[in-house]
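Student: What follows is run.txt; its format and atoms are compact mmCIF, C-alpha atoms.
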# COMPACT_ATOMS: atom_id res chain seq x y z
CA MET A 1 91.93 62.07 23.55
CA THR A 2 92.92 62.16 19.95
CA SER A 3 90.91 60.68 17.16
CA GLY A 4 93.41 57.88 16.63
CA GLY A 5 91.93 55.43 19.12
CA THR A 6 93.56 52.41 20.66
CA GLY A 7 92.38 50.19 17.83
CA GLY A 8 94.51 52.10 15.35
CA SER A 9 97.57 52.30 17.60
CA ARG A 10 98.33 48.61 17.77
CA ASP A 11 101.65 47.85 16.20
CA GLY A 12 102.16 46.07 12.92
CA GLU A 13 103.38 42.89 14.56
CA ASP A 14 100.07 42.44 16.35
CA ARG A 15 98.15 43.09 13.16
CA GLU A 16 100.27 40.59 11.28
CA ARG A 17 99.71 37.96 13.95
CA GLU A 18 95.99 38.67 13.96
CA GLY A 19 95.86 38.46 10.15
CA ALA A 20 97.60 35.06 10.22
CA LEU A 21 95.15 33.81 12.85
CA ILE A 22 92.18 34.99 10.78
CA ARG A 23 93.48 33.18 7.70
CA ARG A 24 93.90 29.97 9.74
CA CYS A 25 90.37 30.37 11.10
CA GLN A 26 89.05 30.78 7.58
CA ALA A 27 90.74 27.48 6.74
CA GLY A 28 88.81 25.87 9.63
CA ASP A 29 91.51 25.87 12.33
CA LEU A 30 89.66 26.01 15.66
CA SER A 31 92.85 26.35 17.71
CA ALA A 32 93.60 29.59 15.83
CA PHE A 33 90.14 30.81 16.76
CA ASP A 34 90.91 30.01 20.40
CA GLU A 35 93.87 32.41 20.17
CA LEU A 36 91.77 35.03 18.42
CA VAL A 37 89.17 34.85 21.21
CA THR A 38 91.97 35.26 23.78
CA LEU A 39 93.18 38.38 21.95
CA HIS A 40 89.80 40.09 21.98
CA ARG A 41 87.72 38.65 24.83
CA ASN A 42 88.50 41.26 27.50
CA ARG A 43 87.99 44.17 25.16
CA VAL A 44 84.68 42.76 23.97
CA PHE A 45 83.59 42.12 27.55
CA ALA A 46 84.61 45.60 28.69
CA MET A 47 82.63 47.08 25.81
CA LEU A 48 79.51 45.01 26.50
CA VAL A 49 79.21 45.43 30.27
CA PRO A 50 78.42 49.17 30.30
CA ILE A 51 76.04 48.73 27.36
CA VAL A 52 73.93 45.86 28.77
CA ARG A 53 74.76 46.81 32.39
CA ASN A 54 75.05 43.28 33.66
CA GLU A 55 78.21 41.15 33.76
CA GLN A 56 76.57 37.76 33.29
CA ASP A 57 74.50 38.99 30.35
CA ALA A 58 77.65 40.54 28.86
CA LEU A 59 79.45 37.18 29.18
CA ASP A 60 76.58 35.30 27.51
CA ILE A 61 76.40 37.81 24.66
CA ALA A 62 80.17 37.71 24.21
CA GLN A 63 80.16 33.90 23.93
CA GLU A 64 77.26 33.94 21.49
CA GLY A 65 79.01 36.67 19.51
CA PHE A 66 82.24 34.68 19.23
CA VAL A 67 80.35 31.60 18.05
CA ARG A 68 78.68 33.71 15.37
CA ALA A 69 82.00 35.24 14.45
CA TRP A 70 83.41 31.74 13.89
CA ARG A 71 80.45 30.81 11.70
CA SER A 72 80.84 33.89 9.51
CA ILE A 73 84.57 34.43 9.59
CA GLY A 74 84.76 33.14 6.03
CA SER A 75 82.97 36.30 4.91
CA PHE A 76 85.45 38.61 6.64
CA GLU A 77 87.44 40.19 3.83
CA GLY A 78 89.59 42.57 5.82
CA GLY A 79 87.90 45.70 4.47
CA SER A 80 87.66 46.96 8.05
CA ALA A 81 89.66 46.13 11.15
CA PHE A 82 88.79 42.75 12.64
CA PHE A 83 87.82 44.23 16.00
CA THR A 84 85.30 46.64 14.40
CA TRP A 85 83.82 43.66 12.53
CA LEU A 86 83.69 41.74 15.82
CA PHE A 87 82.31 44.73 17.75
CA ARG A 88 79.53 45.07 15.16
CA ILE A 89 78.45 41.46 15.77
CA MET A 90 78.57 41.98 19.54
CA ARG A 91 76.81 45.32 19.39
CA ASN A 92 73.94 43.93 17.28
CA LEU A 93 73.49 41.04 19.71
CA ALA A 94 73.51 43.48 22.65
CA ILE A 95 70.87 45.67 21.01
CA ASP A 96 68.66 42.62 20.32
CA PHE A 97 69.16 41.51 23.91
CA LEU A 98 68.20 44.93 25.30
CA ARG A 99 65.04 44.99 23.15
CA ARG A 100 64.05 41.57 24.46
CA ARG A 101 64.81 42.60 28.04
CA ARG A 102 62.72 45.77 27.65
CA ARG A 103 59.80 43.73 26.27
CA ARG A 104 60.07 41.24 29.13
CA SER A 105 60.30 44.09 31.59
CA GLU A 106 57.20 45.75 30.13
CA GLU A 107 55.37 42.47 30.37
CA GLY A 108 56.52 42.07 33.97
CA TRP A 109 58.69 39.02 33.27
CA ASP A 110 62.03 40.61 33.96
CA GLU A 111 62.96 43.44 36.25
CA GLY A 112 66.13 43.98 34.27
CA ARG A 113 69.00 42.98 36.50
CA VAL A 114 71.42 45.83 36.14
CA LEU A 115 74.64 47.01 37.69
CA GLU A 116 74.01 48.77 40.95
CA ASP A 117 77.36 49.56 42.46
CA GLY A 118 79.40 48.77 39.39
CA GLY A 119 81.01 45.79 41.09
CA GLY A 120 83.36 43.46 39.33
CA SER A 121 87.03 43.19 38.69
CA LEU A 122 88.85 46.36 37.81
CA GLY A 123 91.46 46.72 35.18
CA ARG A 124 93.99 49.56 34.89
CA GLU A 125 93.96 49.65 38.67
CA SER A 126 96.25 52.10 40.33
CA ASP A 127 98.92 50.98 42.79
CA ARG A 128 98.03 53.87 45.10
CA PRO A 129 95.23 53.10 47.58
CA ASP A 130 93.85 56.67 47.47
CA GLU A 131 93.74 56.53 43.68
CA ARG A 132 92.02 53.12 43.81
CA ALA A 133 89.41 54.46 46.24
CA TRP A 134 88.81 57.42 43.98
CA GLN A 135 88.47 55.11 40.97
CA GLY A 136 85.98 53.00 42.92
CA GLU A 137 83.83 55.99 43.83
CA ILE A 138 83.95 57.69 40.47
CA GLY A 139 83.54 54.39 38.61
CA GLY A 140 80.24 53.78 40.37
CA ARG A 141 79.05 57.31 39.63
CA ILE A 142 80.00 56.99 35.97
CA GLU A 143 78.15 53.69 35.62
CA ARG A 144 75.03 55.03 37.26
CA ALA A 145 75.10 58.07 34.97
CA LEU A 146 75.64 55.82 31.95
CA GLY A 147 72.54 53.89 32.94
CA THR A 148 70.39 56.97 32.49
CA LEU A 149 71.42 57.43 28.85
CA SER A 150 69.60 55.93 25.89
CA VAL A 151 71.26 52.89 24.32
CA GLU A 152 72.29 54.94 21.27
CA HIS A 153 74.04 57.51 23.44
CA ARG A 154 75.50 54.93 25.79
CA GLU A 155 77.09 52.87 23.04
CA VAL A 156 78.83 55.79 21.32
CA LEU A 157 80.17 57.03 24.64
CA VAL A 158 81.51 53.59 25.53
CA LEU A 159 83.07 53.05 22.10
CA ARG A 160 84.70 56.47 22.12
CA GLU A 161 85.70 57.20 25.70
CA PHE A 162 86.35 53.68 26.98
CA GLU A 163 87.43 51.83 23.85
CA GLY A 164 89.02 54.75 22.01
CA LEU A 165 87.55 54.04 18.59
CA THR A 166 87.82 56.64 15.84
CA TYR A 167 84.68 58.27 14.46
CA ALA A 168 84.90 56.12 11.31
CA GLU A 169 85.33 52.93 13.35
CA MET A 170 82.37 53.87 15.53
CA ALA A 171 80.25 54.55 12.46
CA ASP A 172 81.25 51.13 11.13
CA VAL A 173 80.26 49.40 14.37
CA VAL A 174 77.02 51.30 14.94
CA GLY A 175 76.01 51.27 11.28
CA CYS A 176 75.43 54.98 10.67
CA SER A 177 77.36 57.97 9.36
CA PRO A 178 80.27 59.53 11.26
CA GLY A 179 78.22 62.75 11.46
CA THR A 180 75.40 60.96 13.25
CA VAL A 181 77.89 59.30 15.57
CA MET A 182 79.40 62.68 16.49
CA SER A 183 75.98 64.22 17.03
CA ARG A 184 75.06 61.38 19.41
CA LEU A 185 78.42 61.76 21.13
CA PHE A 186 77.82 65.48 21.63
CA HIS A 187 74.48 64.88 23.37
CA ALA A 188 75.74 61.88 25.34
CA ARG A 189 78.63 63.91 26.73
CA ARG A 190 76.37 66.79 27.69
CA ARG A 191 73.98 64.45 29.54
CA MET A 192 76.85 62.82 31.39
CA GLN A 193 78.39 66.19 32.25
CA GLU A 194 75.13 67.42 33.73
CA GLN A 195 75.04 64.44 36.05
CA LEU A 196 78.70 64.40 37.00
CA LYS A 197 79.23 68.14 37.21
CA ASP A 198 80.15 68.14 40.90
CA LEU A 199 82.65 65.42 40.27
CA TYR A 200 84.81 67.03 37.61
CA GLU A 201 84.41 70.62 38.74
CA LYS A 202 86.01 70.02 42.13
CA LEU A 203 89.11 68.49 40.56
CA MET B 204 77.91 76.11 9.81
CA LYS B 205 77.40 72.63 8.40
CA ASN B 206 76.88 70.86 11.68
CA PHE B 207 77.66 72.48 14.99
CA GLU B 208 77.60 69.28 17.03
CA GLU B 209 80.08 67.59 14.69
CA GLU B 210 82.42 70.57 14.67
CA TYR B 211 82.30 70.96 18.43
CA VAL B 212 83.05 67.27 19.08
CA ARG B 213 86.03 67.51 16.73
CA LEU B 214 87.27 70.59 18.57
CA VAL B 215 86.97 68.97 22.01
CA ASP B 216 88.75 65.80 20.89
CA ASP B 217 91.57 67.55 19.07
CA GLU B 218 93.73 68.81 21.89
CA THR B 219 96.15 70.41 19.48
CA ARG B 220 93.52 73.10 18.91
CA ASP B 221 93.51 75.76 21.60
CA GLY B 222 90.09 77.12 20.86
CA PRO B 223 87.28 77.51 18.35
CA ASP B 224 87.52 79.61 15.23
CA ARG B 225 85.37 82.73 14.91
CA VAL B 226 82.35 80.99 13.35
CA LEU B 227 82.33 78.15 15.87
CA ARG B 228 82.80 80.58 18.78
CA ARG B 229 79.70 82.48 17.68
CA GLU B 230 77.73 79.25 17.39
CA MET B 231 78.87 78.22 20.87
CA GLU B 232 77.77 81.53 22.31
CA ASP B 233 74.38 81.20 20.62
CA ARG B 234 73.97 77.85 22.38
CA GLY B 235 75.03 79.13 25.77
CA LEU B 236 78.48 77.51 25.72
CA GLY B 237 80.89 80.05 27.16
CA VAL B 238 84.65 80.36 26.76
CA GLY B 239 85.31 77.91 29.57
CA ALA B 240 83.10 75.17 28.10
CA LEU B 241 85.83 73.69 25.94
CA HIS B 242 88.26 73.29 28.85
CA ALA B 243 85.50 71.96 31.11
CA ASP B 244 84.59 69.39 28.45
CA ARG B 245 88.18 68.26 28.11
CA ARG B 246 88.56 68.00 31.87
CA PHE B 247 85.39 65.95 32.03
CA LEU B 248 86.66 63.52 29.40
CA ARG B 249 89.90 63.05 31.31
CA VAL B 250 87.91 62.24 34.46
CA LEU B 251 85.79 59.82 32.47
CA ALA B 252 88.84 58.01 31.06
CA ARG B 253 90.55 57.88 34.44
CA GLY B 254 87.54 56.73 36.41
CA ALA B 255 85.96 54.30 33.99
CA ARG B 256 86.03 50.75 35.27
CA ARG B 257 87.85 48.35 33.06
CA ARG B 258 86.43 44.90 33.57
CA GLU B 259 88.12 41.66 32.73
CA ILE B 260 86.64 38.19 32.42
CA GLU B 261 87.15 36.37 35.70
CA HIS B 262 87.66 32.85 34.35
CA PRO B 263 88.93 33.36 30.81
CA GLU B 264 89.82 29.68 30.25
CA PHE B 265 86.21 28.63 30.94
CA PHE B 266 85.02 31.41 28.69
CA ASN B 267 87.10 30.11 25.76
CA GLU B 268 86.22 26.50 26.47
CA GLY B 269 82.50 27.34 26.49
CA ILE B 270 82.78 28.82 23.00
CA LEU B 271 84.91 26.03 21.54
CA ASP B 272 82.73 23.35 23.12
CA ARG B 273 79.60 24.85 21.60
CA ILE B 274 81.22 25.07 18.17
CA ARG B 275 82.33 21.42 18.37
CA ARG B 276 78.87 20.27 19.48
CA GLU B 277 77.11 22.21 16.72
CA ASP B 278 79.57 20.88 14.15
CA ALA B 279 78.95 17.32 15.35
CA VAL B 280 75.18 17.77 15.01
CA GLY B 281 75.67 19.15 11.48
CA GLU B 282 77.86 16.20 10.50
CA ARG B 283 75.31 13.69 11.81
CA ALA B 284 72.61 15.40 9.78
CA ASP B 285 74.85 15.23 6.70
CA ARG B 286 75.45 11.51 7.21
CA ARG B 287 71.72 10.88 7.51
CA GLY B 288 71.41 12.41 4.07
CA GLY B 289 69.09 15.09 2.89
CA ALA B 290 70.77 17.83 4.89
CA GLY B 291 73.10 18.57 2.01
CA LEU B 292 70.30 18.85 -0.55
CA PRO B 293 69.22 22.25 -1.76
CA VAL B 294 66.17 23.71 -0.06
CA TRP B 295 63.99 23.62 -3.20
CA LEU B 296 64.71 19.93 -3.66
CA ARG B 297 63.89 19.19 -0.02
CA LEU B 298 60.62 21.12 -0.42
CA ALA B 299 59.78 19.18 -3.60
CA PHE B 300 60.41 15.87 -1.84
CA GLY B 301 58.30 17.00 1.08
CA GLY B 302 55.45 18.02 -1.23
CA ALA B 303 55.51 14.71 -3.10
CA LEU B 304 55.47 12.82 0.18
CA CYS B 305 52.47 14.82 1.39
CA LEU B 306 50.61 14.08 -1.85
CA MET B 307 51.27 10.35 -1.51
CA VAL B 308 50.04 10.33 2.09
CA ALA B 309 46.91 12.27 1.09
CA ALA B 310 46.20 9.81 -1.73
CA ALA B 311 46.59 6.83 0.59
CA MET B 312 44.31 8.43 3.18
CA THR B 313 41.67 9.09 0.48
CA LEU B 314 41.67 5.45 -0.53
CA VAL B 315 41.47 4.16 3.02
CA LEU B 316 38.94 6.64 4.38
CA ARG B 317 36.57 7.04 1.38
CA PRO B 318 32.78 6.97 2.26
CA TYR B 319 31.47 3.41 2.83
CA ASP B 320 29.52 2.13 -0.17
CA ARG B 321 26.15 0.90 1.12
CA SER B 322 25.07 -0.53 -2.23
CA SER B 323 26.45 -3.92 -1.23
CA GLU B 324 24.06 -3.96 1.70
CA VAL B 325 20.94 -3.49 -0.46
CA GLY B 326 20.24 -7.20 -0.54
CA LEU B 327 20.09 -7.30 3.25
CA THR B 328 17.59 -4.50 3.78
CA THR B 329 13.91 -5.37 3.92
CA ARG B 330 10.65 -3.47 3.40
CA ILE B 331 7.51 -4.09 5.46
CA LEU B 332 4.77 -4.63 2.89
CA ASP B 333 1.77 -4.96 5.23
CA VAL B 334 0.75 -5.85 8.79
CA ARG B 335 -2.35 -8.04 9.09
CA GLU B 336 -4.05 -8.72 12.36
CA PHE B 337 -6.03 -11.83 13.12
CA ARG B 338 -8.00 -12.76 16.15
CA ASP B 339 -6.32 -13.63 19.45
CA GLY B 340 -3.56 -11.05 18.78
CA VAL B 341 -2.03 -12.98 15.93
CA THR B 342 -0.30 -10.82 13.33
CA ALA B 343 1.30 -11.63 10.01
CA THR B 344 3.82 -9.26 8.46
CA PRO B 345 4.95 -9.86 4.84
CA LEU B 346 8.50 -8.62 4.29
CA ALA B 347 10.38 -8.25 1.02
CA THR B 348 13.98 -7.49 0.17
CA SER B 349 14.38 -4.33 -1.87
CA GLY B 350 15.44 -6.39 -4.87
CA ASN B 351 12.38 -8.67 -4.38
CA HIS B 352 14.69 -11.63 -4.34
CA TYR B 353 13.09 -13.02 -1.17
CA ALA B 354 9.67 -12.65 0.48
CA VAL B 355 9.06 -13.66 4.09
CA VAL B 356 5.88 -13.67 6.14
CA TRP B 357 6.57 -13.06 9.79
CA VAL B 358 3.84 -14.47 12.00
CA SER B 359 3.70 -13.61 15.70
CA GLY B 360 1.31 -14.31 18.58
CA LEU B 361 0.83 -17.92 17.73
CA ASP B 362 1.52 -20.62 20.27
CA TYR B 363 1.02 -23.16 17.57
CA LEU B 364 -0.09 -23.15 13.94
CA PRO B 365 -3.48 -24.87 13.32
CA GLU B 366 -3.27 -27.30 10.54
CA GLU B 367 -6.07 -25.65 8.50
CA ARG B 368 -4.14 -22.28 8.54
CA VAL B 369 -0.94 -23.59 7.09
CA VAL B 370 -0.28 -21.87 3.81
CA GLN B 371 2.08 -23.48 1.49
Written as structure tokens, how would this file's structure read?
Tutor:
Amino acid sequence: MTSGGTGGSRDGEDREREGALIRRCQAGDLSAFDELVTLHRNRVFAMLVPIVRNEQDALDIAQEGFVRAWRSIGSFEGGSAFFTWLFRIMRNLAIDFLRRRRRRSEEGWDEGRVLEDGGGSLGRESDRPDERAWQGEIGGRIERALGTLSVEHREVLVLREFEGLTYAEMADVVGCSPGTVMSRLFHARRRMQEQLKDLYEKL
Amino acid sequence: MKNFEEEYVRLVDDETRDGPDRVLRREMEDRGLGVGALHADRRFLRVLARGARRREIEHPEFFNEGILDRIRREDAVGERADRRGGAGLPVWLRLAFGGALCLMVAAAMTLVLRPYDRSSEVGLTTRILDVREFRDGVTATPLATSGNHYAVVWVSGLDYLPEERVVQ
């Protein structure tokens, strides 16, 4: 994977359309926001699920995040890409949520409903049944391994390997320096590799 | 080396680079990362990208509608508050109004609940001046108001008052 990331590879037409939607939102046009949500909802959801490890919680956080984005879209000046701005809102909500869930869990209120078999709809599904079966098996293993990482390690891994953000974009979302992001990424990858060694060595 | 972890991550991610430079290679060896580590890391990342589940929202139209509905409801609540007045005032002004209101309530409560003045009752209280006993269990008790406006003699134990005992 190169450092470009999928966020940076979107063509100019998309960016122009997104920019026009943002300007309409800033003028109070709710139908433009509807379109903006449609543009980003799956990406936001896909980013949140492996971080909070529960689909329903990810949906709730995503909805809350979009409402907050609407409330503060007037302050978006375009200094960074819109999706990094949006990811930052979502990421902060997810971190708050995980803190609350940990507190509840410590107090015995919540067992922390988390993904077990990694169920849910799959995107980028292969047409080949053997490939789909492989994806199903490896997807479950990856999600279980992700669950053993700390939140800091999990989020950088998700942003980089699943969402394809650049180091600078990740630093913007996470709120620390690119050097710190890369250091976390280094350790997160090593932890994951230790757990999935059998899986990638036999390929 | 400035930061090994940073340099190594850059090397793994930049597939145009075949291998580490001399300094980085030495650092890798010091940390137990052999020659094959770089290729193993890249293979691992390819597996990760290929196997990662990509979820999509199952009912996207409900998802959008939930967001828009909440925004509309919150906006409606805000507008109602604006119409009621006060919501548009600056916080300091609202606090000042609140403080003044509290002071007025406190003043009213002070007036209503002040300690009851018993001075007006003084004329109704009496003092027992003496208790005199006569034969046959007859007693006479002279009473006086504290202001000495009235004096009363309370006689008890008499079935009737003999004529010779009547005191004018």
Student: Write out as a list of chain:residue names the residues lying within 10 Å of region 271-288 of chain B, counting all atoms listed in the file and excluding same-chain residues fewer than 4 positions away.
Tutor: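 Once the nearby chain positions are removed, what remains is A:Leu30, A:Ser31, A:Phe33, A:Asp34, A:Val37, A:Gln63, A:Glu64, A:Phe66, A:Val67, A:Arg68, A:Trp70, A:Arg71, B:Phe265, B:Phe266, B:Asn267, B:Leu292.
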Student: So which residues touch Val355 (chain B) within 7 Å, counting only C-alpha atoms, skipping near sequence neighbours fewer than 4 positions away, as a ChimeraX atom specification?
Tutor: /B:345-347
Student: Please identify every residue of chain B that has at least one atom no farther than 12 Å from an atom of chain A, counting all atoms listed in the file, and for each give the shortest atom pair and the distance in Å to one decimal, arranged by chain then increasing number, as a Markdown table.
Tutor:
| residue | atom | partner | partner_atom | distance |
| --- | --- | --- | --- | --- |
| B:Lys205 | CA | A:Gly179 | CA | 10.4 |
| B:Asn206 | CA | A:Gly179 | CA | 8.2 |
| B:Phe207 | CA | A:Ser183 | CA | 8.7 |
| B:Glu208 | CA | A:Ser183 | CA | 5.3 |
| B:Glu209 | CA | A:Met182 | CA | 5.3 |
| B:Glu210 | CA | A:Met182 | CA | 8.6 |
| B:Tyr211 | CA | A:Phe186 | CA | 7.8 |
| B:Val212 | CA | A:Phe186 | CA | 6.1 |
| B:Arg213 | CA | A:Met182 | CA | 8.2 |
| B:Leu214 | CA | A:Thr2 | CA | 10.2 |
| B:Val215 | CA | A:Met1 | CA | 8.6 |
| B:Asp216 | CA | A:Met1 | CA | 5.6 |
| B:Asp217 | CA | A:Thr2 | CA | 5.6 |
| B:Glu218 | CA | A:Thr2 | CA | 7.0 |
| B:Thr219 | CA | A:Thr2 | CA | 8.9 |
| B:Arg220 | CA | A:Thr2 | CA | 11.0 |
| B:Leu236 | CA | A:Arg190 | CA | 11.1 |
| B:Gly239 | CA | A:Glu201 | CA | 11.7 |
| B:Ala240 | CA | A:Arg190 | CA | 10.8 |
| B:Leu241 | CA | A:Arg190 | CA | 11.8 |
| B:His242 | CA | A:Glu201 | CA | 10.9 |
| B:Ala243 | CA | A:Glu201 | CA | 7.8 |
| B:Asp244 | CA | A:Gln193 | CA | 7.9 |
| B:Arg245 | CA | A:Met1 | CA | 8.6 |
| B:Arg246 | CA | A:Tyr200 | CA | 6.9 |
| B:Phe247 | CA | A:Tyr200 | CA | 5.7 |
| B:Leu248 | CA | A:Glu161 | CA | 7.4 |
| B:Arg249 | CA | A:Met1 | CA | 8.1 |
| B:Val250 | CA | A:Tyr200 | CA | 6.5 |
| B:Leu251 | CA | A:Glu161 | CA | 7.3 |
| B:Ala252 | CA | A:Glu161 | CA | 6.3 |
| B:Arg253 | CA | A:Gln135 | CA | 7.4 |
| B:Gly254 | CA | A:Gln135 | CA | 4.9 |
| B:Ala255 | CA | A:Gly139 | CA | 5.2 |
| B:Arg256 | CA | A:Gly139 | CA | 5.5 |
| B:Arg257 | CA | A:Gly123 | CA | 4.5 |
| B:Arg258 | CA | A:Leu122 | CA | 5.1 |
| B:Glu259 | CA | A:Asn42 | CA | 5.3 |
| B:Ile260 | CA | A:Asn42 | CA | 6.1 |
| B:Glu261 | CA | A:Ser121 | CA | 7.4 |
| B:His262 | CA | A:Leu59 | CA | 10.6 |
| B:Pro263 | CA | A:Thr38 | CA | 7.9 |
| B:Glu264 | CA | A:Thr38 | CA | 8.8 |
| B:Phe265 | CA | A:Gln63 | CA | 10.7 |
| B:Phe266 | CA | A:Gln63 | CA | 7.2 |
| B:Asn267 | CA | A:Asp34 | CA | 6.6 |
| B:Glu268 | CA | A:Asp34 | CA | 8.4 |
| B:Gly269 | CA | A:Gln63 | CA | 7.4 |
| B:Ile270 | CA | A:Gln63 | CA | 5.8 |
| B:Leu271 | CA | A:Asp34 | CA | 7.3 |
| B:Asp272 | CA | A:Val67 | CA | 10.0 |
| B:Arg273 | CA | A:Val67 | CA | 7.7 |
| B:Ile274 | CA | A:Val67 | CA | 6.6 |
| B:Arg275 | CA | A:Leu30 | CA | 9.1 |
| B:Arg276 | CA | A:Val67 | CA | 11.5 |
| B:Glu277 | CA | A:Val67 | CA | 10.0 |
| B:Asp278 | CA | A:Arg71 | CA | 10.3 |
Student: What does the distance from CA of Arg88 (chain A) to CA of Glu13 (chain A) come to in Å, to one decimal?
Tutor: 24.0 Å
Student: State, in Å with one decimal place, the distance from CA of Ser105 (chain A) to CA of Val52 (chain A).
Tutor: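 Calculated distance between CA of Ser105 (chain A) and CA of Val52 (chain A) is 14.0 Å.
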Student: Skip Phe82 (chain A) itself and residues of its chain fewer than 2 positions away, then list as a ChimeraX atom specification all residues within 10 Å of it, counting only C-alpha atoms.
Tutor: /A:7,15,18-19,22,40,73,76-80,84-88
Student: Quick one: of B:Leu298, B:Val356, B:Val238, B:Val315, who's nearest to Arg335 (chain B), counting all atoms listed in the file?
Tutor: B:Val356
Student: Assuming 3 Å of padding per side, give the centre and edge lengths of the axis-aligned box around every listed atom of region 359-362 of chain B, in Å to one decimal and as lines of an AutoDock Vina configuration file.
Tutor:
center_x = 2.3
center_y = -17.1
center_z = 18.0
size_x = 8.9
size_y = 13.0
size_z = 10.6
Student: Would you mind reading off the distance between CA of Thr148 (chain A) and CA of Leu165 (chain A), one decimal, in Å?
Tutor: 22.3 Å
Student: Generate the coordinates of N, CA, C and O atoms for region 257-270 of chain B; report them as a tab-separated table (two decimals), keeping the file's coordinate frame.
Tutor:
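Result saved to result.tsv:
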chain	number	residue	atom	x	y	z
B	257	ARG	N	87.44	49.22	34.16
B	257	ARG	CA	87.85	48.35	33.06
B	257	ARG	C	87.69	46.92	33.53
B	257	ARG	O	88.49	46.44	34.32
B	258	ARG	N	86.66	46.26	33.09
B	258	ARG	CA	86.43	44.90	33.57
B	258	ARG	C	87.18	43.88	32.74
B	258	ARG	O	87.42	44.08	31.57
B	259	GLU	N	87.50	42.79	33.43
B	259	GLU	CA	88.12	41.66	32.73
B	259	GLU	C	87.36	40.39	33.08
B	259	GLU	O	86.80	40.29	34.18
B	260	ILE	N	87.36	39.44	32.18
B	260	ILE	CA	86.64	38.19	32.42
B	260	ILE	C	87.34	37.43	33.55
B	260	ILE	O	88.57	37.28	33.53
B	261	GLU	N	86.55	36.97	34.51
B	261	GLU	CA	87.15	36.37	35.70
B	261	GLU	C	87.78	35.00	35.44
B	261	GLU	O	88.83	34.68	35.97
B	262	HIS	N	87.11	34.18	34.65
B	262	HIS	CA	87.66	32.85	34.35
B	262	HIS	C	87.79	32.69	32.84
B	262	HIS	O	86.96	32.03	32.20
B	263	PRO	N	88.82	33.31	32.28
B	263	PRO	CA	88.93	33.36	30.81
B	263	PRO	C	89.03	31.98	30.16
B	263	PRO	O	88.53	31.78	29.05
B	264	GLU	N	89.67	31.00	30.88
B	264	GLU	CA	89.82	29.68	30.25
B	264	GLU	C	88.46	28.99	30.08
B	264	GLU	O	88.20	28.34	29.06
B	265	PHE	N	87.55	29.20	31.06
B	265	PHE	CA	86.21	28.63	30.94
B	265	PHE	C	85.43	29.33	29.83
B	265	PHE	O	84.62	28.73	29.14
B	266	PHE	N	85.70	30.62	29.72
B	266	PHE	CA	85.02	31.41	28.69
B	266	PHE	C	85.37	30.84	27.31
B	266	PHE	O	84.49	30.54	26.50
B	267	ASN	N	86.67	30.66	27.06
B	267	ASN	CA	87.10	30.11	25.76
B	267	ASN	C	86.54	28.71	25.54
B	267	ASN	O	86.03	28.38	24.47
B	268	GLU	N	86.65	27.89	26.61
B	268	GLU	CA	86.22	26.50	26.47
B	268	GLU	C	84.72	26.41	26.15
B	268	GLU	O	84.29	25.57	25.37
B	269	GLY	N	83.94	27.31	26.76
B	269	GLY	CA	82.50	27.34	26.49
B	269	GLY	C	82.22	27.59	25.01
B	269	GLY	O	81.34	26.95	24.42
B	270	ILE	N	82.98	28.49	24.42
B	270	ILE	CA	82.78	28.82	23.00
B	270	ILE	C	83.19	27.64	22.12
B	270	ILE	O	82.44	27.21	21.24
